[in-house]
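Asks: Sharing a structure with you now.
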Amino acid sequence: MTGYIVRRILWIIPVLWAVVTITFFLMHAVPGGPFTQDQPLPEGVLDALNRRYNLDEPLWKQYLLYLWNILHGDLGLSFRGDRDVSELIGQGFFVTAQLGLLAFFFAAIVGMALGVISALNHNGPADYAGVFFATAGGSVPSFVLATFLIIIFAINLRWFDILGWGGPIEWGDTFKASAWDLNKMVLPVISLGVLPAAYIARVTRASMLEVLNQDYVRTARAKGLRERMVVLRHAIKNAMIPVLTLMGPIFATLVTGSFIIENIFAIPGVGRAFVDAVLRRDYAMIMGSTLFFAAVVAVANLIVDLLYAVVDPRIRYGRS
Amino acid sequence: MKRQLGRWRFLLLGALAILAIFALAACKEGYKGLAVSDGDPAPPEEQVLVVQSLEPEFFDPHRSNFEQDIAIERMLFRGLYQLVATEDGGVEAVPSMAEGEPEIDGNVYTVTLRDGLLWSDDVPLIAQHFVDGMLRSCDPEVASPYQYLLGEGYLNIVGCDEYFYAFGTAAAPITPTPEELQALRDAVGVKALDDRTIELTLTQPKITFTTIMSLWATFPARLDIIQQFGERWTDPGNIVGNGPYILTEFVAKDHVTLEPNPNWPLEPTPLLQRLTIRFIDDFAVAFRAYQTGELDISQFPVSEIPTVEGDPTLSAEYLKVGAGRIDAIQMQLEDPTLAIFEVRLALSRAIDRELLNNVVSNDAHIPAVYEVVQGLSGHQGNAPFEDIVGYNPDAAKQALADAGFPNGEGFPTLTLTLREDPEQKALGEFLQKQWKDILNINVELVFVDGRTRAQRFNTEDFQLFRGGWQLDYPDPENVLIGRYDRPGANNKYNCSDDEIDAKLLAAGRETDNDARIQLLQEAETLVVTKLCGVAPLRQLALLYLVKPKVGGVRPNGTIDAAMPGNWCAECWYIEEQ
Amino acid sequence: MKAEPQLGKLVDGEFLERGLWSDAFRRLIRNRLAMAGLVVLVLVAIIATAASFIDPVERYDPYRDQDYGHIQEGPSGSHFFGTDNLGRDNWSRVLEGVGISLQIGIGTQIVVLVIGLTVGATAALGGRLGDNVLMRFTDVAYAFPDLLFIILMRAVLSGRDWPIIGEPKLQIIFAISFVSWTTIARLVRGQMLSLKERDFVLAARAMGATPARIVFQHMLPNSLGPVVVAVIFGIPLAIFAEAALGFIGFGLPPPTASLGRLVSDGYNFIQVNTWVVVFPAAAIALLMLCFTFLGDGLRDALDPRFR
């Protein structure tokens, strides 16, 4: 197994290289550059800007230069303000991760609770209510839900703020009390978390139902209270297994940025930064973010694959 | 069954408890969000203002490209002259850091600085700093997008273009030696004769001298600071300015905070204690934040005009300002169909601009068949042009028939290129229907993202193109020169008319202002009546919401576009309620 | 753990896998929610298709009928769902949208199924190196900045009259499937990997069945269960994805009115005229519900452990 893990980690390098290369050439193939505008810049200015940022070099040279820089940990400068890309990504990710983690916990707790309660009240009113909310929550696109929440709770009721992120934006501010404004976090977290919560609730419910139908559970039920408790706890644990394996991809998605929620609440996260970079052809930022995402995704996939192996003993890695 | 529920009730209660704690903590914060610098949030009675702006790239005036950057730079720096609004809605340039009007001797302009000027770090502000600033704008290694304002055809400073093109072009590169580069720099016609006197040598006199000297490309520079901090020189703590405010906090992609500069020498002295500018590109997001009270000044989307006008509070806070921008349908004259004048005439006369403004933009903008906007000298309005190119469906059908396509027979399908944006979509769909209903022709809508659209424009890869022009500075020459003459850097629709060329050339050279304006008006008339690559649609307006507690807002759309009255941000203050 | 399920009768030396499917089918029919979902779906599809051909159903042209006298109205007798910002009838646009969204949703999933099955099966059966390479390829595809690709595709192709790839709906289908095939591939691979070691496959191998027959007659039918379910769930997710793309500005190009487009367009008018968002969003929700019930029913029907 260790051999497998090591090999997988080594495989991440060519994967990242492939992503970087494809992205680099794709990015330059897309029409329009960082300085293309419909009130066009004078030729001389374009030339001067291209010279300044090495964009006048042949493409293969720029590519090799970029690879060389990455190997030295230099992700380059964003065209927007000459800011350090690694700083921008680090800061953006700090914010996105906060949002993603909170949404994840919200989704996990609410989803699992809903699923378990539904399953325990199978075909009863609580079950139907649970299924209804789960499906309703999962049926509305997040930006529609977010906007309705904003209109009702922020604009009309004035319960919550909606502009920006309610947590620390720079790493250094984490322990400053003034950097935390929990009020601002409520709506973005809920908007982001409802869809995965609905999905988790459905899967938890299905999984619980399946487990509850097993012989040993039925026997325990017939036998009496204390055994029921013990067995139910066991049942929940078993029911959680398939749910946990899908937490992986959900976690990865949430943490790599929900651009839509970040846009609606003007949250300076990395998802929004990436989409802006693509729309404005901010090459260094596009490359840096893509590299970053690819790394996160590769690691997340590895973890999920390992979880599969833990969960299903029939799957073997490392055997010929 | 009920007994089991005990455990799971526990789980449910646990989940609810967590949510409750979250909600309680969330509601505990009584004060509604402002950016916090350090220490505690300020109590509302203080002079604190939160304004929405598009996201800027730079705070370096010699590298900026966009309105929102320039708006903030005007708060941090100031030039020798500055633009102010006049009583009649016009604009004029008045001395700012300069003591008075320039002394003109042929091609040599001499400007004297006020006495006792200081930078925000108490270093004296001397003439050399202005020279350094202008040299930076001409410096090829700085790559200023607005270098052309100092060069041939505009400010006409001797040697600026030669210096800027020291490295040649991409097609024909040159590698100058350091000595050659220095020599070119020294040959640029800006000199500091002493600490208070700046001498500029132009290639020919320029009437709009003081107007262009108000622009950001001429702002002073502190080379020592720039050298010391490199690209980080605009960070709070490093940055030094001579404007009414200094930059005290910056969070990338989020906001910037400004505080008054104690060394600001002019009136008015800023009354605000803190000015926070939040970067929000999506006007719908900004609009909602304005409604929750998190923004004091904000723009809002055209689609929400009915909401604003229908709400008693919001409608009282609604401020509409005519901007220095014309929206038009640009037509590629190299296309064989569009090369026919009658075709263009038909297209233009088939557009009901009033109805368009009403349906597509909720009457936000000003229907226009002119190019030189309201507020500029020489503005002619719709009157001279309405009967020639304005809405007249019968005349439109006749023109199309005259062109050889009676009732649209045989007319090819043209494409109209637009950007993906709610108002643009409605505009495109409206025009598509108008042209179909009146002329019976098919127009296909092509929607692309901003950069792709710009690329298509630059490479002349379009037939019909919804485009326009945003003023660089408030003078009619900026609207026409370079756009309808040959070779015009922006003349991507290939308008080629000898008469227009002649008029614009003469206007660029004319020294008498009234004669110059006359020539420009004649040029505009030719451009519009010949539909030389353009059929104007409307003059855009900027829509703002301003909280009643905000005072000193003096909007003038021809010189500011990022925030209402940002050309006098020092005028803003909070009124006593 | 339960005993291995019986897989039907041994007839002429071949295992009859058909028993699995007919059993499942019968169970599906008995599931009332799933059937309700299916019925509603079929009904909606019929109305949407009818709308394209029968005028009284559609009542207005979803694109051309712009009535500037009736802008942003709520539901009324003449406009069941109200009108939008150009005076177009929302009822006809929602119907049009349902049709287009279903096309996109189903189209996407077909592409996803084909690619996912191919890659997943090849990975599971192709030996360790093949598995590694394909899975790493999946990693690359997953981390791929699809937005860049979509922009490129749209920029290069829009406005050109090229056959097939010029068709915007196909572009969107490819754009969305490009992202989602990886989940199906991994699912198929996971299924096949565990099936590879199962008794009946070992038995078939022992009996001399060719690899092709093993795959197509034994493994594929048994692994299709969760895959089919994932594909069914994927249809409304594809519709969501198109709405999200529309939000950024890269959905179906206007004036095509898919449900996703209607929602992301209507979003700009949400405070002016909420109905413009409510009806298409409700339509999406309805489709989502139907597909969910159908998918749940299918999963229950196909799950061998429920016998």
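Identifiers in this document derive from the order of the structure tokens: chains are assigned A, B, ..., residues are numbered from 1 separately in each chain, and ligands are numbered from 1 in order of occurrence.
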Please, which residues of chain A lie no more than 6 Å from chain C when the count uses only C-alpha atoms, and can they be set out as a PDB file with N, CA and C atoms, in the first residue's frame?
Replies:
ATOM      1  N   VAL A  15       0.933  14.730 -14.103  1.00  0.00           N
ATOM      2  CA  VAL A  15      -0.433  15.260 -14.268  1.00  0.00           C
ATOM      3  C   VAL A  15      -0.402  16.780 -14.247  1.00  0.00           C
ATOM      4  N   VAL A  19      -1.407  19.403 -17.258  1.00  0.00           N
ATOM      5  CA  VAL A  19      -2.396  20.471 -17.104  1.00  0.00           C
ATOM      6  C   VAL A  19      -1.772  21.823 -17.435  1.00  0.00           C
ATOM      7  N   VAL A  30      -6.663  31.330 -27.290  1.00  0.00           N
ATOM      8  CA  VAL A  30      -7.929  32.045 -27.169  1.00  0.00           C
ATOM      9  C   VAL A  30      -7.762  33.470 -27.700  1.00  0.00           C
ATOM     10  N   SER A 139     -33.126  21.611  -5.951  1.00  0.00           N
ATOM     11  CA  SER A 139     -33.696  21.861  -7.270  1.00  0.00           C
ATOM     12  C   SER A 139     -33.497  23.273  -7.761  1.00  0.00           C
ATOM     13  N   ALA A 294      -5.391  22.147  -9.911  1.00  0.00           N
ATOM     14  CA  ALA A 294      -5.029  20.796 -10.332  1.00  0.00           C
ATOM     15  C   ALA A 294      -4.371  20.050  -9.187  1.00  0.00           C
TER      16      ALA A 294
END
Asks: At a cut-off of 9 Å, which residues of chain C touch chain B? Count only C-alpha atoms and give the answer as an mmCIF file with N, CA and C atoms, in the first residue's frame.
Replies:
data_model
loop_
_atom_site.group_PDB
_atom_site.id
_atom_site.type_symbol
_atom_site.label_atom_id
_atom_site.label_comp_id
_atom_site.auth_asym_id
_atom_site.auth_seq_id
_atom_site.Cartn_x
_atom_site.Cartn_y
_atom_site.Cartn_z
ATOM 1 N N TYR C 63 -39.686 34.004 -29.623
ATOM 2 C CA TYR C 63 -38.617 34.950 -29.929
ATOM 3 C C TYR C 63 -39.138 36.222 -30.563
ATOM 4 N N ARG C 64 -40.052 36.059 -31.526
ATOM 5 C CA ARG C 64 -40.417 37.222 -32.347
ATOM 6 C C ARG C 64 -41.504 38.082 -31.734
ATOM 7 N N ASP C 65 -42.375 37.462 -30.939
ATOM 8 C CA ASP C 65 -43.514 38.234 -30.456
ATOM 9 C C ASP C 65 -43.146 39.135 -29.300
ATOM 10 N N GLN C 66 -42.574 40.280 -29.642
ATOM 11 C CA GLN C 66 -42.225 41.230 -28.594
ATOM 12 C C GLN C 66 -43.311 42.294 -28.555
ATOM 13 N N TYR C 68 -44.341 45.522 -26.927
ATOM 14 C CA TYR C 68 -43.794 46.538 -26.049
ATOM 15 C C TYR C 68 -44.842 47.200 -25.175
ATOM 16 N N ILE C 71 -44.908 44.970 -21.021
ATOM 17 C CA ILE C 71 -43.580 44.566 -20.562
ATOM 18 C C ILE C 71 -43.605 44.224 -19.088
ATOM 19 N N ASN C 85 -38.843 41.233 -20.273
ATOM 20 C CA ASN C 85 -38.445 42.637 -20.437
ATOM 21 C C ASN C 85 -38.653 43.154 -21.856
ATOM 22 N N LEU C 86 -38.895 42.260 -22.814
ATOM 23 C CA LEU C 86 -39.177 42.724 -24.174
ATOM 24 C C LEU C 86 -40.612 42.411 -24.558
ATOM 25 N N GLY C 87 -41.423 42.112 -23.561
ATOM 26 C CA GLY C 87 -42.828 41.844 -23.828
ATOM 27 C C GLY C 87 -43.100 40.474 -24.410
ATOM 28 N N ILE C 151 -14.615 29.244 -23.629
ATOM 29 C CA ILE C 151 -14.406 30.547 -24.249
ATOM 30 C C ILE C 151 -13.784 30.381 -25.627
ATOM 31 N N ARG C 154 -16.325 29.006 -28.082
ATOM 32 C CA ARG C 154 -17.312 30.006 -28.452
ATOM 33 C C ARG C 154 -16.686 31.076 -29.321
ATOM 34 N N ALA C 155 -15.474 31.489 -28.949
ATOM 35 C CA ALA C 155 -14.844 32.579 -29.694
ATOM 36 C C ALA C 155 -14.533 32.146 -31.108
ATOM 37 N N SER C 158 -18.368 31.006 -32.811
ATOM 38 C CA SER C 158 -19.612 31.766 -32.865
ATOM 39 C C SER C 158 -19.603 32.729 -34.044
ATOM 40 N N GLY C 159 -20.705 32.814 -34.703
ATOM 41 C CA GLY C 159 -20.817 33.704 -35.842
ATOM 42 C C GLY C 159 -20.364 33.055 -37.129
ATOM 43 N N GLY C 249 -22.044 34.145 -18.443
ATOM 44 C CA GLY C 249 -22.127 34.750 -19.766
ATOM 45 C C GLY C 249 -21.752 33.779 -20.862
ATOM 46 N N PHE C 250 -21.695 32.479 -20.554
ATOM 47 C CA PHE C 250 -21.314 31.511 -21.567
ATOM 48 C C PHE C 250 -22.328 30.407 -21.755
ATOM 49 N N PRO C 253 -26.089 30.786 -26.530
ATOM 50 C CA PRO C 253 -26.104 32.173 -26.962
ATOM 51 C C PRO C 253 -27.533 32.662 -27.158
ATOM 52 N N PRO C 254 -27.817 33.889 -26.783
ATOM 53 C CA PRO C 254 -29.132 34.420 -27.047
ATOM 54 C C PRO C 254 -29.366 34.469 -28.541
ATOM 55 N N PRO C 255 -30.560 34.448 -29.052
ATOM 56 C CA PRO C 255 -31.779 34.441 -28.259
ATOM 57 C C PRO C 255 -32.329 33.073 -27.900
ATOM 58 N N ASP C 265 -31.082 34.971 -17.221
ATOM 59 C CA ASP C 265 -31.515 36.282 -17.724
ATOM 60 C C ASP C 265 -32.471 36.928 -16.748
ATOM 61 N N ASN C 268 -31.548 39.072 -13.611
ATOM 62 C CA ASN C 268 -31.272 40.509 -13.637
ATOM 63 C C ASN C 268 -32.498 41.339 -13.322
ATOM 64 N N PHE C 269 -33.658 40.717 -13.404
ATOM 65 C CA PHE C 269 -34.889 41.471 -13.181
ATOM 66 C C PHE C 269 -35.599 40.999 -11.928
ATOM 67 N N ILE C 270 -34.865 40.344 -11.053
ATOM 68 C CA ILE C 270 -35.508 39.630 -9.959
ATOM 69 C C ILE C 270 -36.287 40.567 -9.035
ATOM 70 N N GLN C 271 -35.825 41.801 -8.902
ATOM 71 C CA GLN C 271 -36.589 42.694 -8.042
ATOM 72 C C GLN C 271 -37.668 43.431 -8.816
ATOM 73 N N VAL C 272 -37.510 43.483 -10.133
ATOM 74 C CA VAL C 272 -38.503 44.187 -10.940
ATOM 75 C C VAL C 272 -39.729 43.305 -11.174
ATOM 76 N N ASN C 273 -39.455 42.076 -11.561
ATOM 77 C CA ASN C 273 -40.548 41.186 -11.908
ATOM 78 C C ASN C 273 -40.129 39.767 -11.565
#
Asks: Quick one: residues within 9 Å of Cys160 (chain B), only C-alpha atoms, excluding same-chain residues fewer than 3 positions away - as a VMD selection string?
Replies: chain B and resid 135 137 to 139 147 to 148 150 to 152 156 to 157 163 to 165 184 to 185 187 to 189
Asks: Do a neighbour search on Ala50 (chain C) at 12 Å with only C-alpha atoms, toss out local chain neighbours closer than 4 positions, and write the hits as a ChimeraX atom specification.
Replies: /C:42-46,54-59,92,95-96,98-99
Asks: Calculate how many Å separate CA of Ala383 (chain B) from CA of Val369 (chain B), rounding to one decimal.
Replies: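 CA of Val369 (chain B) lies at a distance of 8.8 Å from CA of Ala383 (chain B).
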Asks: Env of Met208 (chain A): 9 Å cut, atoms = only C-alpha atoms, seq-sep filter 2 positions within chain, self excluded. Answer as a PyMOL selection string.
Replies: chain A and resi 115-116+119-120+203-206+210-213+235-236+238-240
Asks: Write the selection just made, keeping N, CA and C atoms, as a short mmCIF file (atom, residue, chain, number, x, y, z; two decimals), in the first residue's frame?
Replies:
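And here is the file that came out, again.cif:
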data_model
loop_
_atom_site.label_atom_id
_atom_site.label_comp_id
_atom_site.auth_asym_id
_atom_site.auth_seq_id
_atom_site.Cartn_x
_atom_site.Cartn_y
_atom_site.Cartn_z
N GLY A 115 -31.24 13.31 6.80
CA GLY A 115 -31.30 11.97 6.22
C GLY A 115 -31.63 10.92 7.26
N VAL A 116 -30.97 11.02 8.41
CA VAL A 116 -31.19 10.04 9.47
C VAL A 116 -32.63 10.11 9.97
N ALA A 119 -35.01 8.67 7.49
CA ALA A 119 -34.95 7.21 7.40
C ALA A 119 -35.64 6.57 8.60
N LEU A 120 -35.45 7.16 9.77
CA LEU A 120 -36.04 6.56 10.97
C LEU A 120 -37.55 6.68 10.97
N VAL A 203 -28.70 10.82 0.09
CA VAL A 203 -27.86 9.63 0.13
C VAL A 203 -27.86 9.01 1.53
N THR A 204 -27.81 9.86 2.55
CA THR A 204 -27.83 9.34 3.93
C THR A 204 -29.11 8.55 4.18
N ARG A 205 -30.21 9.15 3.73
CA ARG A 205 -31.49 8.48 3.94
C ARG A 205 -31.51 7.13 3.25
N ALA A 206 -31.10 7.09 1.99
CA ALA A 206 -31.11 5.83 1.25
C ALA A 206 -30.22 4.81 1.93
N GLU A 210 -31.31 1.26 3.79
CA GLU A 210 -30.73 -0.01 3.39
C GLU A 210 -30.21 -0.77 4.60
N VAL A 211 -29.46 -0.04 5.43
CA VAL A 211 -28.88 -0.67 6.61
C VAL A 211 -29.97 -1.12 7.57
N LEU A 212 -30.99 -0.28 7.73
CA LEU A 212 -32.06 -0.61 8.68
C LEU A 212 -32.81 -1.86 8.27
N ASN A 213 -32.73 -2.20 6.98
CA ASN A 213 -33.43 -3.40 6.53
C ASN A 213 -32.65 -4.67 6.74
N ALA A 235 -25.58 0.87 13.10
CA ALA A 235 -26.23 1.05 11.79
C ALA A 235 -25.85 2.40 11.19
N ILE A 236 -25.89 3.42 12.04
CA ILE A 236 -25.52 4.75 11.54
C ILE A 236 -24.10 4.72 10.98
N ASN A 238 -22.42 2.27 9.75
CA ASN A 238 -22.37 1.58 8.47
C ASN A 238 -23.00 2.40 7.37
N ALA A 239 -24.09 3.08 7.73
CA ALA A 239 -24.77 3.87 6.71
C ALA A 239 -23.90 5.02 6.25
N MET A 240 -23.03 5.48 7.16
CA MET A 240 -22.21 6.64 6.81
C MET A 240 -21.15 6.34 5.78
#
Asks: For Asp254 (chain B), work out the shell of residues within 7 Å, counting only C-alpha atoms and skipping chain neighbours fewer than 2 positions away, then give it as a list in words.
Replies: Pro268 of chain A; Val251, Ala252, Arg278 and Phe279 of chain B
